[in-house]
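The data block below is structure26.cif; it holds mmCIF, C-alpha atoms.
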data_model
loop_
_atom_site.group_PDB
_atom_site.id
_atom_site.type_symbol
_atom_site.label_atom_id
_atom_site.label_comp_id
_atom_site.auth_asym_id
_atom_site.auth_seq_id
_atom_site.Cartn_x
_atom_site.Cartn_y
_atom_site.Cartn_z
ATOM 1 C CA MET A 1 123.424 179.800 126.983
ATOM 2 C CA ASP A 2 126.297 179.019 124.649
ATOM 3 C CA LYS A 3 128.409 181.720 126.232
ATOM 4 C CA MET A 4 127.742 180.200 129.645
ATOM 5 C CA ASN A 5 128.845 176.734 128.480
ATOM 6 C CA GLN A 6 131.975 178.212 126.884
ATOM 7 C CA ALA A 7 132.777 180.044 130.113
ATOM 8 C CA PHE A 8 132.418 176.782 132.064
ATOM 9 C CA GLU A 9 134.684 175.006 129.590
ATOM 10 C CA LYS A 10 137.331 177.726 129.941
ATOM 11 C CA MET A 11 137.110 177.506 133.738
ATOM 12 C CA LYS A 12 137.528 173.745 133.570
ATOM 13 C CA MET A 13 140.601 174.157 131.372
ATOM 14 C CA LEU A 14 142.070 176.667 133.804
ATOM 15 C CA VAL A 15 141.643 174.203 136.649
ATOM 16 C CA GLY A 16 143.153 171.410 134.571
ATOM 17 C CA MET A 17 139.968 169.487 133.928
ATOM 18 C CA GLU A 18 139.037 168.335 130.484
ATOM 19 C CA VAL A 19 135.452 168.514 129.307
ATOM 20 C CA GLU A 20 135.435 164.865 128.272
ATOM 21 C CA ASP A 21 136.615 163.815 131.748
ATOM 22 C CA GLU A 22 133.507 165.296 133.298
ATOM 23 C CA GLU A 23 131.273 163.623 130.722
ATOM 24 C CA ARG A 24 133.021 160.312 131.397
ATOM 25 C CA ALA A 25 132.629 160.816 135.157
ATOM 26 C CA ALA A 26 128.939 161.582 134.686
ATOM 27 C CA GLU A 27 128.532 158.390 132.637
ATOM 28 C CA GLU A 28 130.357 156.315 135.247
ATOM 29 C CA GLU A 29 128.271 157.802 138.045
ATOM 30 C CA SER A 30 125.030 157.088 136.195
ATOM 31 C CA SER A 31 126.124 153.517 135.484
ATOM 32 C CA LEU A 32 126.719 152.636 139.133
ATOM 33 C CA SER A 33 124.942 149.488 140.105
ATOM 34 C CA PHE A 34 122.289 149.485 142.762
ATOM 35 C CA MET A 35 124.549 147.796 145.316
ATOM 36 C CA GLU A 36 127.424 150.248 144.757
ATOM 37 C CA ASP A 37 124.984 153.135 145.143
ATOM 38 C CA LEU A 38 123.585 151.559 148.306
ATOM 39 C CA ASN A 39 127.063 151.029 149.777
ATOM 40 C CA ARG A 40 128.061 154.586 148.955
ATOM 41 C CA ASN A 41 124.987 155.962 150.695
ATOM 42 C CA CYS A 42 125.277 153.640 153.702
ATOM 43 C CA ALA A 43 128.529 154.943 155.110
ATOM 44 C CA LEU A 44 128.402 154.126 158.816
ATOM 45 C CA THR A 45 131.057 154.421 161.471
ATOM 46 C CA THR A 46 132.299 151.262 163.137
ATOM 47 C CA LYS A 47 130.338 152.079 166.274
ATOM 48 C CA GLN A 48 127.144 152.602 164.261
ATOM 49 C CA ARG A 49 127.716 149.298 162.452
ATOM 50 C CA PHE A 50 128.065 147.424 165.737
ATOM 51 C CA TYR A 51 124.954 149.103 167.149
ATOM 52 C CA GLY A 52 122.972 148.260 164.005
ATOM 53 C CA PHE A 53 124.225 144.678 164.097
ATOM 54 C CA ALA A 54 123.431 144.261 167.792
ATOM 55 C CA ILE A 55 119.960 145.794 167.521
ATOM 56 C CA CYS A 56 119.009 143.862 164.389
ATOM 57 C CA LEU A 57 120.393 140.572 165.719
ATOM 58 C CA SER A 58 118.718 141.076 169.114
ATOM 59 C CA ALA A 59 115.394 141.843 167.453
ATOM 60 C CA GLY A 60 115.785 138.792 165.220
ATOM 61 C CA LEU A 61 116.615 136.501 168.111
ATOM 62 C CA ALA A 62 113.770 137.977 170.153
ATOM 63 C CA CYS A 63 111.308 137.295 167.338
ATOM 64 C CA THR A 64 112.631 133.792 166.921
ATOM 65 C CA LEU A 65 112.412 133.065 170.647
ATOM 66 C CA LEU A 66 109.004 134.719 170.978
ATOM 67 C CA SER A 67 107.765 132.552 168.144
ATOM 68 C CA MET A 68 108.115 129.601 170.531
ATOM 69 C CA LEU A 69 105.278 131.087 172.603
ATOM 70 C CA VAL A 70 102.906 130.641 169.685
ATOM 71 C CA PHE A 71 104.334 127.297 168.571
ATOM 72 C CA PHE A 72 100.935 125.615 168.594
ATOM 73 C CA ASN A 73 99.565 128.220 166.199
ATOM 74 C CA PRO A 74 101.694 127.467 163.141
ATOM 75 C CA ILE A 75 100.547 130.534 161.218
ATOM 76 C CA LYS A 76 101.702 133.019 163.872
ATOM 77 C CA PHE A 77 104.725 130.856 164.558
ATOM 78 C CA GLY A 78 105.691 130.806 160.868
ATOM 79 C CA PHE A 79 105.412 134.574 160.535
ATOM 80 C CA THR A 80 107.371 135.465 163.691
ATOM 81 C CA PHE A 81 110.006 132.778 163.122
ATOM 82 C CA THR A 82 110.556 133.942 159.537
ATOM 83 C CA LEU A 83 110.654 137.596 160.566
ATOM 84 C CA GLY A 84 113.292 136.724 163.167
ATOM 85 C CA ASN A 85 115.353 134.886 160.553
ATOM 86 C CA LEU A 86 115.174 137.814 158.147
ATOM 87 C CA MET A 87 116.274 140.262 160.856
ATOM 88 C CA ALA A 88 119.149 138.020 161.913
ATOM 89 C CA LEU A 89 120.221 137.601 158.288
ATOM 90 C CA GLY A 90 120.028 141.348 157.737
ATOM 91 C CA SER A 91 122.079 142.051 160.842
ATOM 92 C CA THR A 92 125.238 140.774 159.208
ATOM 93 C CA ALA A 93 124.820 143.377 156.459
ATOM 94 C CA PHE A 94 125.608 145.988 159.114
ATOM 95 C CA LEU A 95 128.955 144.360 159.828
ATOM 96 C CA ILE A 96 130.209 143.626 156.344
ATOM 97 C CA GLY A 97 128.027 145.927 154.228
ATOM 98 C CA PRO A 98 125.134 145.040 151.963
ATOM 99 C CA GLN A 99 127.239 144.620 148.807
ATOM 100 C CA ARG A 100 129.659 142.188 150.411
ATOM 101 C CA GLN A 101 126.739 140.371 152.069
ATOM 102 C CA VAL A 102 125.053 139.799 148.706
ATOM 103 C CA THR A 103 128.376 138.909 147.075
ATOM 104 C CA MET A 104 129.058 136.313 149.750
ATOM 105 C CA MET A 105 125.523 134.938 149.497
ATOM 106 C CA LEU A 106 125.874 134.571 145.714
ATOM 107 C CA ASP A 107 129.320 132.987 145.920
ATOM 108 C CA PRO A 108 129.379 129.784 143.812
ATOM 109 C CA ALA A 109 130.159 127.734 146.917
ATOM 110 C CA ARG A 110 126.903 128.741 148.628
ATOM 111 C CA ILE A 111 124.545 129.844 145.861
ATOM 112 C CA TYR A 112 122.407 126.715 146.228
ATOM 113 C CA ALA A 113 122.267 127.019 150.009
ATOM 114 C CA THR A 114 121.254 130.671 149.646
ATOM 115 C CA ALA A 115 118.593 129.828 147.066
ATOM 116 C CA LEU A 116 117.216 127.046 149.280
ATOM 117 C CA TYR A 117 117.144 129.290 152.334
ATOM 118 C CA LEU A 118 115.529 132.266 150.606
ATOM 119 C CA ALA A 119 113.015 130.046 148.807
ATOM 120 C CA SER A 120 112.093 128.372 152.095
ATOM 121 C CA ILE A 121 111.544 131.792 153.689
ATOM 122 C CA ILE A 122 109.229 132.777 150.848
ATOM 123 C CA ILE A 123 107.365 129.465 151.036
ATOM 124 C CA ALA A 124 106.962 129.772 154.816
ATOM 125 C CA LEU A 125 105.582 133.306 154.531
ATOM 126 C CA PHE A 126 103.298 132.252 151.683
ATOM 127 C CA CYS A 127 101.930 129.304 153.669
ATOM 128 C CA ALA A 128 101.527 131.344 156.849
ATOM 129 C CA LEU A 129 100.010 134.518 155.395
ATOM 130 C CA TYR A 130 98.216 133.457 152.236
ATOM 131 C CA VAL A 131 97.363 129.748 152.407
ATOM 132 C CA ARG A 132 96.832 129.748 156.200
ATOM 133 C CA ASN A 133 97.154 125.985 156.396
ATOM 134 C CA LYS A 134 98.719 124.821 159.661
ATOM 135 C CA LEU A 135 100.235 121.618 158.289
ATOM 136 C CA LEU A 136 101.754 123.323 155.243
ATOM 137 C CA THR A 137 103.080 126.145 157.404
ATOM 138 C CA LEU A 138 104.663 123.651 159.807
ATOM 139 C CA LEU A 139 106.291 121.789 156.905
ATOM 140 C CA ALA A 140 107.507 125.089 155.456
ATOM 141 C CA ILE A 141 109.027 126.048 158.818
ATOM 142 C CA ILE A 142 110.837 122.707 158.984
ATOM 143 C CA LEU A 143 112.120 123.367 155.460
ATOM 144 C CA GLU A 144 113.142 126.900 156.470
ATOM 145 C CA PHE A 145 114.998 125.654 159.536
ATOM 146 C CA SER A 146 116.781 123.042 157.423
ATOM 147 C CA GLY A 147 117.660 125.727 154.872
ATOM 148 C CA LEU A 148 118.990 127.954 157.662
ATOM 149 C CA ILE A 149 121.229 125.187 158.957
ATOM 150 C CA TRP A 150 122.500 124.317 155.474
ATOM 151 C CA TYR A 151 123.104 127.999 154.675
ATOM 152 C CA SER A 152 124.940 128.515 157.987
ATOM 153 C CA LEU A 153 127.082 125.440 157.365
ATOM 154 C CA SER A 154 128.171 126.918 154.036
ATOM 155 C CA TYR A 155 130.273 129.472 155.931
ATOM 156 C CA ILE A 156 132.213 126.776 157.825
ATOM 157 C CA PRO A 157 134.897 125.051 155.737
ATOM 158 C CA PHE A 158 134.055 121.397 154.991
ATOM 159 C CA ALA A 159 131.012 121.473 157.319
ATOM 160 C CA ARG A 160 128.488 120.575 154.633
ATOM 161 C CA THR A 161 130.681 117.751 153.381
ATOM 162 C CA MET A 162 131.043 116.396 156.904
ATOM 163 C CA VAL A 163 127.299 116.609 157.634
ATOM 164 C CA SER A 164 126.510 114.949 154.308
ATOM 165 C CA LYS A 165 128.875 112.078 155.068
ATOM 166 C CA VAL A 166 127.411 111.659 158.563
ATOM 167 C CA PHE A 167 123.885 111.466 157.165
ATOM 168 C CA MET A 168 124.983 109.061 154.426
ATOM 169 C CA THR A 169 126.593 106.831 157.041
ATOM 170 C CA CYS A 170 123.592 107.000 159.402
ATOM 171 C CA PHE A 171 120.976 106.345 156.745
ATOM 172 C CA ASP A 172 122.889 103.840 154.659
ATOM 173 C CA THR A 173 120.489 100.923 154.170
ATOM 174 C CA GLU A 174 122.996 98.409 152.798
ATOM 175 C CA PHE A 175 124.153 95.760 155.241
#

Can you dump the structure from the file as structure tokens?
Amino acid sequence: MDKMNQAFEKMKMLVGMEVEDEERAAEEESSLSFMEDLNRNCALTTKQRFYGFAICLSAGLACTLLSMLVFFNPIKFGFTFTLGNLMALGSTAFLIGPQRQVTMMLDPARIYATALYLASIIIALFCALYVRNKLLTLLAIILEFSGLIWYSLSYIPFARTMVSKVFMTCFDTEF
């Protein structure tokens, strides 16, 4: 076995590779984060990205619109509405890649909006699937829709500031 390793080392030297370089490369490869590994394995062509985006967004919008058919059954409505939101959110990962999607979601400017939106999705699914209380599910869906709007506004410059000022002006109780 030693002779085999020595032969490999000699071959590496002949090619111009150093033994330590390979060990360093192996360490770097093993230390790749999950998102870098995911991006490396998700190499899609531009056409495939657009198809994935269109299919995922269409399915998400279809679920969201179909949820209106079961509006009076908040449990089914909560599940289908939330599933549609998750598909629509995931569709953008096809366009910009999952790593950039997560990076943008965790940007300091929108970390709170992301946390609110994701927490409201979890609460809505919990109320719809586990608690099965219509009133709680309806309140969770209202919270989820509000979180979706606030999260979406975080991508438009000054939109959240403008909406906040409008609400402060509309609900100002001082005369």

Quick one: residues within 12 Å of Ala140 in chain A, all atoms listed in the file counted, chain neighbours fewer than 4 positions away excluded, as a tab-separated table (two decimals) with C-alpha atoms, in the coordinates of the input?
chain	number	residue	atom	x	y	z
A	74	PRO	CA	101.69	127.47	163.14
A	75	ILE	CA	100.55	130.53	161.22
A	77	PHE	CA	104.72	130.86	164.56
A	78	GLY	CA	105.69	130.81	160.87
A	79	PHE	CA	105.41	134.57	160.54
A	81	PHE	CA	110.01	132.78	163.12
A	82	THR	CA	110.56	133.94	159.54
A	116	LEU	CA	117.22	127.05	149.28
A	117	TYR	CA	117.14	129.29	152.33
A	118	LEU	CA	115.53	132.27	150.61
A	119	ALA	CA	113.02	130.05	148.81
A	120	SER	CA	112.09	128.37	152.10
A	121	ILE	CA	111.54	131.79	153.69
A	122	ILE	CA	109.23	132.78	150.85
A	123	ILE	CA	107.36	129.46	151.04
A	124	ALA	CA	106.96	129.77	154.82
A	125	LEU	CA	105.58	133.31	154.53
A	126	PHE	CA	103.30	132.25	151.68
A	127	CYS	CA	101.93	129.30	153.67
A	128	ALA	CA	101.53	131.34	156.85
A	131	VAL	CA	97.36	129.75	152.41
A	132	ARG	CA	96.83	129.75	156.20
A	133	ASN	CA	97.15	125.98	156.40
A	134	LYS	CA	98.72	124.82	159.66
A	135	LEU	CA	100.24	121.62	158.29
A	136	LEU	CA	101.75	123.32	155.24
A	144	GLU	CA	113.14	126.90	156.47
A	145	PHE	CA	115.00	125.65	159.54
A	146	SER	CA	116.78	123.04	157.42
A	147	GLY	CA	117.66	125.73	154.87

Separation of CA of Tyr130 in chain A and CA of Lys76 in chain A, in Å?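 The value is 12.2 Å.
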
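The smallest atom-to-atom distance between Phe71 in chain A and any of A:Thr46, A:Ser58, A:Thr173, A:Thr137, using only C-alpha atoms, is found for A:Thr137.
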
Given the PyMOL selection byres ((chain A and resi 47-51) around 10), the residues it picks as a VMD selection string: chain A and resid 43 to 46 52 to 57 91 to 97

To one decimal place, how far is CA of Gly84 in chain A from CA of Leu61 in chain A in Å?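 The value is 6.0 Å.
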
Taking all atoms listed in the file into account, name the residue in A:Tyr155, A:Asn85, A:Thr161, A:Ile142 that is nearest to Met104 in chain A. A:Tyr155

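Put simply, CA of Leu65 in chain A is 27.1 Å away from CA of Tyr112 in chain A.
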
Go through A:Leu89, A:Leu129, A:Met168, A:Ile141 and flag the residue nearest Ser67 in chain A, using only C-alpha atoms for the distances.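 Checking each of A:Leu89, A:Leu129, A:Met168, A:Ile141 against Ser67 in chain A, counting only C-alpha atoms, the winner is A:Ile141.
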
Find, counting all atoms listed in the file, the residue in A:Val70, A:Ala109, A:Leu139, A:Gly60 that gets nearest to Gly90 in chain A.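 Residue with the minimum atom-to-atom distance to Gly90 in chain A: A:Gly60.
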